[in-house]
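Asker: Contents of run08.cif (mmCIF, N, CA and C atoms) are given next:
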data_final
#
loop_
_atom_site.label_atom_id
_atom_site.label_comp_id
_atom_site.auth_asym_id
_atom_site.auth_seq_id
_atom_site.Cartn_x
_atom_site.Cartn_y
_atom_site.Cartn_z
N MET A 1 94.34 132.86 30.17
CA MET A 1 92.99 133.37 30.23
C MET A 1 92.94 134.88 29.96
N ARG A 2 94.02 135.59 30.23
CA ARG A 2 94.12 137.02 29.90
C ARG A 2 93.04 137.86 30.59
N THR A 3 92.90 137.70 31.91
CA THR A 3 91.83 138.38 32.63
C THR A 3 92.02 139.89 32.70
N GLY A 4 93.20 140.41 32.44
CA GLY A 4 93.42 141.85 32.47
C GLY A 4 93.35 142.53 31.11
N ILE A 5 93.16 141.76 30.06
CA ILE A 5 93.24 142.33 28.72
C ILE A 5 92.10 143.32 28.44
N GLU A 6 90.92 143.06 28.99
CA GLU A 6 89.80 143.98 28.76
C GLU A 6 90.04 145.32 29.45
N THR A 7 90.70 145.29 30.61
CA THR A 7 91.05 146.54 31.29
C THR A 7 92.03 147.34 30.45
N ILE A 8 93.01 146.66 29.90
CA ILE A 8 93.97 147.33 29.03
C ILE A 8 93.24 147.94 27.83
N LYS A 9 92.38 147.18 27.20
CA LYS A 9 91.66 147.68 26.02
C LYS A 9 90.81 148.90 26.37
N GLU A 10 90.13 148.82 27.52
CA GLU A 10 89.26 149.93 27.92
C GLU A 10 90.04 151.22 28.13
N PHE A 11 91.21 151.13 28.77
CA PHE A 11 91.92 152.35 29.14
C PHE A 11 92.98 152.77 28.13
N GLU A 12 93.52 151.85 27.37
CA GLU A 12 94.49 152.23 26.34
C GLU A 12 93.77 152.74 25.09
N GLY A 13 92.63 152.11 24.77
CA GLY A 13 92.01 152.41 23.50
C GLY A 13 92.89 151.91 22.37
N CYS A 14 92.40 151.93 21.18
CA CYS A 14 93.19 151.47 20.04
C CYS A 14 93.26 152.56 18.98
N LYS A 15 94.47 152.95 18.68
CA LYS A 15 94.70 153.94 17.62
C LYS A 15 95.65 153.33 16.60
N LEU A 16 95.25 153.41 15.35
CA LEU A 16 96.03 152.77 14.29
C LEU A 16 97.12 153.67 13.72
N SER A 17 97.20 154.89 14.22
CA SER A 17 98.29 155.81 13.86
C SER A 17 99.03 156.19 15.13
N ALA A 18 100.34 156.25 15.04
CA ALA A 18 101.16 156.56 16.21
C ALA A 18 100.85 157.97 16.72
N TYR A 19 100.91 158.11 18.04
CA TYR A 19 100.64 159.41 18.67
C TYR A 19 101.60 159.62 19.83
N PRO A 20 101.83 160.88 20.20
CA PRO A 20 102.75 161.17 21.30
C PRO A 20 102.13 160.84 22.66
N ASP A 21 102.97 160.62 23.63
CA ASP A 21 102.54 160.35 24.99
C ASP A 21 101.72 161.54 25.51
N PRO A 22 100.54 161.29 26.10
CA PRO A 22 99.72 162.40 26.56
C PRO A 22 100.37 163.21 27.69
N ALA A 23 101.20 162.58 28.48
CA ALA A 23 101.82 163.29 29.60
C ALA A 23 103.01 164.14 29.16
N THR A 24 103.79 163.64 28.21
CA THR A 24 105.01 164.34 27.80
C THR A 24 104.82 165.16 26.54
N GLY A 25 103.82 164.79 25.74
CA GLY A 25 103.63 165.43 24.45
C GLY A 25 104.65 164.97 23.42
N GLY A 26 105.42 163.96 23.76
CA GLY A 26 106.46 163.43 22.87
C GLY A 26 106.62 161.93 23.10
N LYS A 27 107.87 161.51 23.26
CA LYS A 27 108.16 160.09 23.48
C LYS A 27 107.72 159.68 24.86
N PRO A 28 107.34 158.41 25.05
CA PRO A 28 107.32 157.38 24.01
C PRO A 28 106.07 157.51 23.13
N TYR A 29 106.26 157.29 21.85
CA TYR A 29 105.14 157.27 20.93
C TYR A 29 104.40 155.95 21.10
N THR A 30 103.10 156.00 20.88
CA THR A 30 102.25 154.84 21.14
C THR A 30 101.41 154.56 19.91
N ILE A 31 101.08 153.26 19.73
CA ILE A 31 100.23 152.84 18.62
C ILE A 31 99.45 151.61 19.07
N GLY A 32 98.37 151.33 18.38
CA GLY A 32 97.58 150.14 18.71
C GLY A 32 96.96 150.27 20.09
N TRP A 33 97.02 149.18 20.84
CA TRP A 33 96.47 149.11 22.19
C TRP A 33 97.55 149.47 23.22
N GLY A 34 98.29 150.53 22.99
CA GLY A 34 99.27 150.97 23.98
C GLY A 34 100.68 150.50 23.72
N ARG A 35 100.98 150.03 22.54
CA ARG A 35 102.33 149.57 22.23
C ARG A 35 103.27 150.76 22.10
N THR A 36 104.44 150.67 22.74
CA THR A 36 105.44 151.73 22.66
C THR A 36 106.78 151.22 22.11
N THR A 37 106.90 149.93 21.92
CA THR A 37 108.15 149.35 21.44
C THR A 37 108.33 149.62 19.95
N ASP A 38 109.45 150.27 19.59
CA ASP A 38 109.80 150.53 18.19
C ASP A 38 108.72 151.29 17.42
N VAL A 39 108.06 152.24 18.08
CA VAL A 39 107.02 153.03 17.44
C VAL A 39 107.60 154.37 17.02
N LYS A 40 107.28 154.77 15.80
CA LYS A 40 107.75 156.05 15.27
C LYS A 40 106.55 156.92 14.91
N LEU A 41 106.67 158.20 15.17
CA LEU A 41 105.60 159.12 14.82
C LEU A 41 105.34 159.04 13.31
N GLY A 42 104.08 159.00 12.92
CA GLY A 42 103.70 158.87 11.51
C GLY A 42 103.42 157.43 11.12
N GLN A 43 103.79 156.48 11.96
CA GLN A 43 103.58 155.07 11.66
C GLN A 43 102.09 154.73 11.72
N THR A 44 101.64 153.85 10.84
CA THR A 44 100.27 153.34 10.86
C THR A 44 100.29 151.82 10.80
N ILE A 45 99.25 151.21 11.36
CA ILE A 45 99.12 149.75 11.35
C ILE A 45 97.67 149.40 11.07
N THR A 46 97.39 148.12 10.88
CA THR A 46 96.02 147.63 10.70
C THR A 46 95.45 147.20 12.05
N GLN A 47 94.14 147.05 12.09
CA GLN A 47 93.50 146.55 13.31
C GLN A 47 93.99 145.14 13.63
N THR A 48 94.19 144.33 12.60
CA THR A 48 94.69 142.97 12.79
C THR A 48 96.05 142.99 13.47
N GLN A 49 96.93 143.89 13.03
CA GLN A 49 98.27 144.01 13.64
C GLN A 49 98.16 144.48 15.08
N ALA A 50 97.31 145.47 15.33
CA ALA A 50 97.13 145.99 16.69
C ALA A 50 96.67 144.88 17.63
N ASP A 51 95.70 144.10 17.20
CA ASP A 51 95.17 143.02 18.03
C ASP A 51 96.22 141.94 18.28
N ALA A 52 96.98 141.60 17.25
CA ALA A 52 98.04 140.60 17.40
C ALA A 52 99.12 141.08 18.36
N TRP A 53 99.52 142.33 18.23
CA TRP A 53 100.53 142.88 19.14
C TRP A 53 100.05 142.89 20.58
N LEU A 54 98.77 143.22 20.78
CA LEU A 54 98.23 143.24 22.14
C LEU A 54 98.33 141.86 22.78
N ILE A 55 97.91 140.84 22.06
CA ILE A 55 97.97 139.48 22.61
C ILE A 55 99.42 139.09 22.89
N GLU A 56 100.30 139.37 21.95
CA GLU A 56 101.72 139.04 22.12
C GLU A 56 102.31 139.75 23.34
N GLU A 57 102.07 141.03 23.46
CA GLU A 57 102.63 141.80 24.57
C GLU A 57 101.96 141.44 25.89
N TYR A 58 100.66 141.21 25.87
CA TYR A 58 99.98 140.82 27.10
C TYR A 58 100.60 139.53 27.64
N ASP A 59 100.76 138.56 26.77
CA ASP A 59 101.33 137.28 27.20
C ASP A 59 102.75 137.46 27.76
N GLU A 60 103.54 138.33 27.15
CA GLU A 60 104.89 138.60 27.66
C GLU A 60 104.83 139.24 29.04
N PHE A 61 103.95 140.22 29.22
CA PHE A 61 103.82 140.88 30.52
C PHE A 61 103.28 139.92 31.57
N GLU A 62 102.30 139.11 31.20
CA GLU A 62 101.76 138.14 32.16
C GLU A 62 102.84 137.17 32.61
N GLN A 63 103.64 136.70 31.67
CA GLN A 63 104.73 135.79 32.02
C GLN A 63 105.72 136.49 32.95
N GLY A 64 106.03 137.75 32.68
CA GLY A 64 106.92 138.51 33.54
C GLY A 64 106.36 138.68 34.93
N VAL A 65 105.07 138.98 35.04
CA VAL A 65 104.43 139.12 36.35
C VAL A 65 104.45 137.78 37.08
N ARG A 66 104.12 136.70 36.39
CA ARG A 66 104.13 135.36 37.02
C ARG A 66 105.50 135.05 37.64
N LYS A 67 106.56 135.42 36.94
CA LYS A 67 107.91 135.14 37.45
C LYS A 67 108.22 135.93 38.72
N LEU A 68 107.55 137.07 38.90
CA LEU A 68 107.81 137.92 40.07
C LEU A 68 106.95 137.55 41.27
N ILE A 69 105.93 136.74 41.06
CA ILE A 69 105.05 136.32 42.15
C ILE A 69 105.70 135.16 42.89
N THR A 70 105.89 135.34 44.19
CA THR A 70 106.59 134.32 44.98
C THR A 70 105.75 133.77 46.12
N ASN A 71 104.52 134.25 46.29
CA ASN A 71 103.76 133.87 47.48
C ASN A 71 102.90 132.63 47.32
N GLY A 72 102.89 132.02 46.17
CA GLY A 72 102.05 130.85 45.99
C GLY A 72 100.75 131.19 45.28
N PRO A 73 99.61 130.89 45.91
CA PRO A 73 98.34 131.05 45.21
C PRO A 73 98.02 132.52 44.89
N THR A 74 97.71 132.74 43.63
CA THR A 74 97.29 134.05 43.14
C THR A 74 96.09 133.79 42.24
N THR A 75 95.03 134.54 42.44
CA THR A 75 93.84 134.33 41.61
C THR A 75 94.10 134.84 40.20
N LEU A 76 93.29 134.37 39.27
CA LEU A 76 93.41 134.87 37.89
C LEU A 76 93.07 136.35 37.83
N TYR A 77 92.18 136.82 38.70
CA TYR A 77 91.84 138.24 38.73
C TYR A 77 93.01 139.07 39.25
N GLN A 78 93.67 138.59 40.29
CA GLN A 78 94.86 139.29 40.80
C GLN A 78 95.93 139.34 39.71
N LEU A 79 96.16 138.23 39.06
CA LEU A 79 97.16 138.17 37.99
C LEU A 79 96.79 139.13 36.86
N GLY A 80 95.54 139.16 36.46
CA GLY A 80 95.11 140.06 35.40
C GLY A 80 95.29 141.52 35.77
N ALA A 81 94.94 141.87 37.01
CA ALA A 81 95.09 143.26 37.47
C ALA A 81 96.55 143.67 37.49
N MET A 82 97.40 142.79 38.00
CA MET A 82 98.82 143.11 38.08
C MET A 82 99.45 143.15 36.69
N THR A 83 98.96 142.32 35.77
CA THR A 83 99.47 142.35 34.40
C THR A 83 99.07 143.65 33.71
N SER A 84 97.84 144.10 33.92
CA SER A 84 97.40 145.38 33.36
C SER A 84 98.26 146.52 33.89
N LEU A 85 98.53 146.51 35.18
CA LEU A 85 99.37 147.54 35.77
C LEU A 85 100.78 147.50 35.17
N ALA A 86 101.37 146.31 35.12
CA ALA A 86 102.73 146.17 34.59
C ALA A 86 102.79 146.58 33.12
N TYR A 87 101.75 146.28 32.36
CA TYR A 87 101.68 146.67 30.95
C TYR A 87 101.79 148.18 30.82
N ASN A 88 101.23 148.89 31.77
CA ASN A 88 101.20 150.35 31.73
C ASN A 88 102.45 150.99 32.33
N ILE A 89 102.99 150.43 33.40
CA ILE A 89 104.13 151.06 34.10
C ILE A 89 105.47 150.40 33.79
N GLY A 90 105.44 149.24 33.15
CA GLY A 90 106.66 148.50 32.84
C GLY A 90 106.99 147.49 33.92
N LEU A 91 107.61 146.40 33.52
CA LEU A 91 107.95 145.33 34.47
C LEU A 91 108.99 145.78 35.50
N ALA A 92 109.92 146.63 35.11
CA ALA A 92 110.94 147.08 36.07
C ALA A 92 110.29 147.86 37.21
N ASN A 93 109.38 148.76 36.89
CA ASN A 93 108.68 149.50 37.94
C ASN A 93 107.80 148.58 38.77
N PHE A 94 107.13 147.64 38.11
CA PHE A 94 106.30 146.69 38.84
C PHE A 94 107.15 145.85 39.79
N LYS A 95 108.29 145.41 39.32
CA LYS A 95 109.17 144.55 40.13
C LYS A 95 109.58 145.23 41.43
N SER A 96 109.81 146.53 41.40
CA SER A 96 110.25 147.24 42.60
C SER A 96 109.09 147.85 43.39
N SER A 97 107.86 147.53 43.02
CA SER A 97 106.70 148.17 43.64
C SER A 97 106.37 147.60 45.01
N THR A 98 105.83 148.46 45.85
CA THR A 98 105.30 148.05 47.15
C THR A 98 104.11 147.12 46.94
N LEU A 99 103.35 147.36 45.88
CA LEU A 99 102.21 146.50 45.56
C LEU A 99 102.65 145.05 45.43
N LEU A 100 103.69 144.79 44.66
CA LEU A 100 104.18 143.43 44.49
C LEU A 100 104.69 142.87 45.81
N ARG A 101 105.43 143.69 46.55
CA ARG A 101 105.96 143.23 47.85
C ARG A 101 104.81 142.83 48.77
N LYS A 102 103.76 143.64 48.82
CA LYS A 102 102.62 143.31 49.68
C LYS A 102 101.90 142.06 49.19
N HIS A 103 101.73 141.95 47.89
CA HIS A 103 101.09 140.75 47.34
C HIS A 103 101.89 139.52 47.72
N ASN A 104 103.20 139.59 47.53
CA ASN A 104 104.05 138.43 47.82
C ASN A 104 104.10 138.09 49.30
N SER A 105 103.82 139.06 50.16
CA SER A 105 103.82 138.78 51.61
C SER A 105 102.44 138.30 52.07
N GLY A 106 101.47 138.24 51.16
CA GLY A 106 100.13 137.79 51.51
C GLY A 106 99.21 138.90 51.99
N ASP A 107 99.67 140.15 51.93
CA ASP A 107 98.86 141.29 52.33
C ASP A 107 98.05 141.76 51.12
N PHE A 108 97.01 141.03 50.79
CA PHE A 108 96.23 141.30 49.59
C PHE A 108 95.44 142.60 49.69
N ASP A 109 94.93 142.92 50.88
CA ASP A 109 94.24 144.19 51.05
C ASP A 109 95.21 145.35 50.84
N GLY A 110 96.40 145.21 51.38
CA GLY A 110 97.42 146.24 51.21
C GLY A 110 97.83 146.39 49.76
N ALA A 111 97.97 145.26 49.07
CA ALA A 111 98.33 145.29 47.65
C ALA A 111 97.23 145.98 46.85
N GLU A 112 95.99 145.65 47.15
CA GLU A 112 94.87 146.28 46.44
C GLU A 112 94.90 147.80 46.62
N ALA A 113 95.21 148.24 47.82
CA ALA A 113 95.25 149.69 48.11
C ALA A 113 96.39 150.40 47.39
N GLU A 114 97.42 149.67 47.00
CA GLU A 114 98.59 150.26 46.34
C GLU A 114 98.33 150.68 44.89
N PHE A 115 97.33 150.10 44.25
CA PHE A 115 97.06 150.45 42.85
C PHE A 115 96.90 151.96 42.68
N LYS A 116 96.16 152.57 43.61
CA LYS A 116 95.85 154.00 43.47
C LYS A 116 97.08 154.89 43.52
N ARG A 117 98.19 154.39 44.02
CA ARG A 117 99.41 155.20 44.08
C ARG A 117 100.04 155.41 42.71
N TRP A 118 99.68 154.59 41.72
CA TRP A 118 100.26 154.65 40.38
C TRP A 118 99.39 155.51 39.46
N ASN A 119 99.13 156.74 39.88
CA ASN A 119 98.19 157.61 39.16
C ASN A 119 98.85 158.80 38.48
N ARG A 120 100.17 158.77 38.34
CA ARG A 120 100.89 159.92 37.78
C ARG A 120 101.64 159.52 36.51
N ALA A 121 101.76 160.51 35.64
CA ALA A 121 102.61 160.39 34.46
C ALA A 121 103.33 161.71 34.33
N ALA A 122 104.63 161.64 34.15
CA ALA A 122 105.47 162.85 34.08
C ALA A 122 105.23 163.74 35.30
N GLY A 123 104.99 163.08 36.47
CA GLY A 123 104.81 163.81 37.72
C GLY A 123 103.44 164.40 37.95
N LYS A 124 102.54 164.25 36.99
CA LYS A 124 101.21 164.83 37.10
C LYS A 124 100.16 163.75 37.32
N VAL A 125 99.22 163.99 38.25
CA VAL A 125 98.10 163.08 38.42
C VAL A 125 97.24 163.16 37.16
N MET A 126 96.95 162.00 36.60
CA MET A 126 96.16 161.93 35.37
C MET A 126 94.81 161.26 35.68
N ALA A 127 93.74 161.93 35.31
CA ALA A 127 92.40 161.41 35.59
C ALA A 127 92.20 160.01 35.02
N GLY A 128 92.72 159.77 33.83
CA GLY A 128 92.58 158.45 33.22
C GLY A 128 93.30 157.37 34.02
N LEU A 129 94.44 157.72 34.62
CA LEU A 129 95.16 156.76 35.45
C LEU A 129 94.43 156.51 36.77
N VAL A 130 93.80 157.53 37.30
CA VAL A 130 93.00 157.36 38.53
C VAL A 130 91.89 156.35 38.26
N ARG A 131 91.19 156.51 37.14
CA ARG A 131 90.11 155.57 36.79
C ARG A 131 90.64 154.18 36.50
N ARG A 132 91.76 154.12 35.78
CA ARG A 132 92.34 152.81 35.45
C ARG A 132 92.76 152.07 36.70
N ARG A 133 93.40 152.76 37.63
CA ARG A 133 93.85 152.09 38.86
C ARG A 133 92.68 151.60 39.70
N ALA A 134 91.60 152.37 39.70
CA ALA A 134 90.40 151.92 40.42
C ALA A 134 89.85 150.64 39.78
N ALA A 135 89.85 150.58 38.47
CA ALA A 135 89.37 149.38 37.77
C ALA A 135 90.30 148.20 38.02
N GLU A 136 91.61 148.44 38.02
CA GLU A 136 92.57 147.36 38.30
C GLU A 136 92.42 146.86 39.73
N ALA A 137 92.25 147.79 40.68
CA ALA A 137 92.06 147.39 42.08
C ALA A 137 90.79 146.55 42.24
N ALA A 138 89.73 146.96 41.55
CA ALA A 138 88.47 146.19 41.62
C ALA A 138 88.65 144.80 41.02
N LEU A 139 89.38 144.70 39.94
CA LEU A 139 89.66 143.40 39.33
C LEU A 139 90.49 142.55 40.29
N TYR A 140 91.49 143.15 40.89
CA TYR A 140 92.36 142.44 41.84
C TYR A 140 91.54 141.86 43.00
N ALA A 141 90.56 142.62 43.47
CA ALA A 141 89.76 142.23 44.64
C ALA A 141 88.66 141.23 44.30
N LYS A 142 88.38 141.03 43.03
CA LYS A 142 87.28 140.16 42.59
C LYS A 142 87.44 138.73 43.08
#
I'd like the structure from this file rewritten - as structure tokens, please.
Answerer:
Amino acid sequence: MRTGIETIKEFEGCKLSAYPDPATGGKPYTIGWGRTTDVKLGQTITQTQADAWLIEEYDEFEQGVRKLITNGPTTLYQLGAMTSLAYNIGLANFKSSTLLRKHNSGDFDGAEAEFKRWNRAAGKVMAGLVRRRAAEAALYAK
């Protein structure tokens, strides 16, 4: 169902030319809807390619999140919110997160509150991440 894909689209935006990371001013380079895998500065793609990559990567991240959920019932909104977060911070960071631990223990209110802690890039609080985490938390709570 891809319930988190609209959140990703809203906060990643889509750029058809590769650009440097806003926090570092360099790597990782990003293209499309937030793709960082095998991206080189100067690279360009089509909208069709960007959209296809988003669906492909979203499905991979959702599958990764599903494998990490151990508590049983999870709503599609919770799954979408956690997939959006993992898409942005990486599955390794998501796997070791307090948010996932709280979700898996059934502490859904605690898990929802954890989204706001993921508001930094390169050690700096980023306004866009503050807004994104609020949107993810709201999706999770839906």
Asker: Could you name the residues that touch range 26-37 of chain A at 6 Å or less, counting only N, CA and C atoms, but leaving out those on the same chain fewer than 2 positions away, as a PyMOL selection string?
Answerer: chain A and resi 12-21+23-24+39+50
Asker: Please return as an MDAnalysis selection string: the residues of chain A that backbone DSSP assigns to helix (DSSP H, G or I).
Answerer: chainID A and resid 5:12 47:68 76:89 91:95 98:104 108:117 127:141
Asker: So which residues touch range 67-69 of chain A within 7 Å, counting only N, CA and C atoms, skipping near sequence neighbours fewer than 3 positions away, as a ChimeraX atom specification?
Answerer: /A:62-64,72,95,104
Asker: Within 8 Å of Arg132 in chain A, counting only N, CA and C atoms, which residues qualify if same-chain residues fewer than 6 places away don't, as a ChimeraX atom specification?
Answerer: /A:7,10-11,115-116,118,126,138
Asker: State, in Å with one decimal place, the distance from CA of Glu114 in chain A to CA of Gly4 in chain A.
Answerer: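 Going from CA of Glu114 in chain A over to CA of Gly4 in chain A covers 17.0 Å.
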Asker: Please indicate the distance in Å from CA of Arg133 in chain A to CA of Leu85 in chain A, rounded to one decimal place.
Answerer: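 CA of Leu85 in chain A lies at a distance of 7.8 Å from CA of Arg133 in chain A.
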Asker: Among chain A, which ones does DSSP assign to strand (DSSP E) (computed from the backbone)? Answer as a list in words.
Answerer: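 In chain A, DSSP puts these residues in strand (DSSP E): Lys15, Leu16, Ser17, Ala18, Tyr19, Thr30, Ile31, Gly32, Arg120, Ala121, Lys124 and Val125 of chain A.
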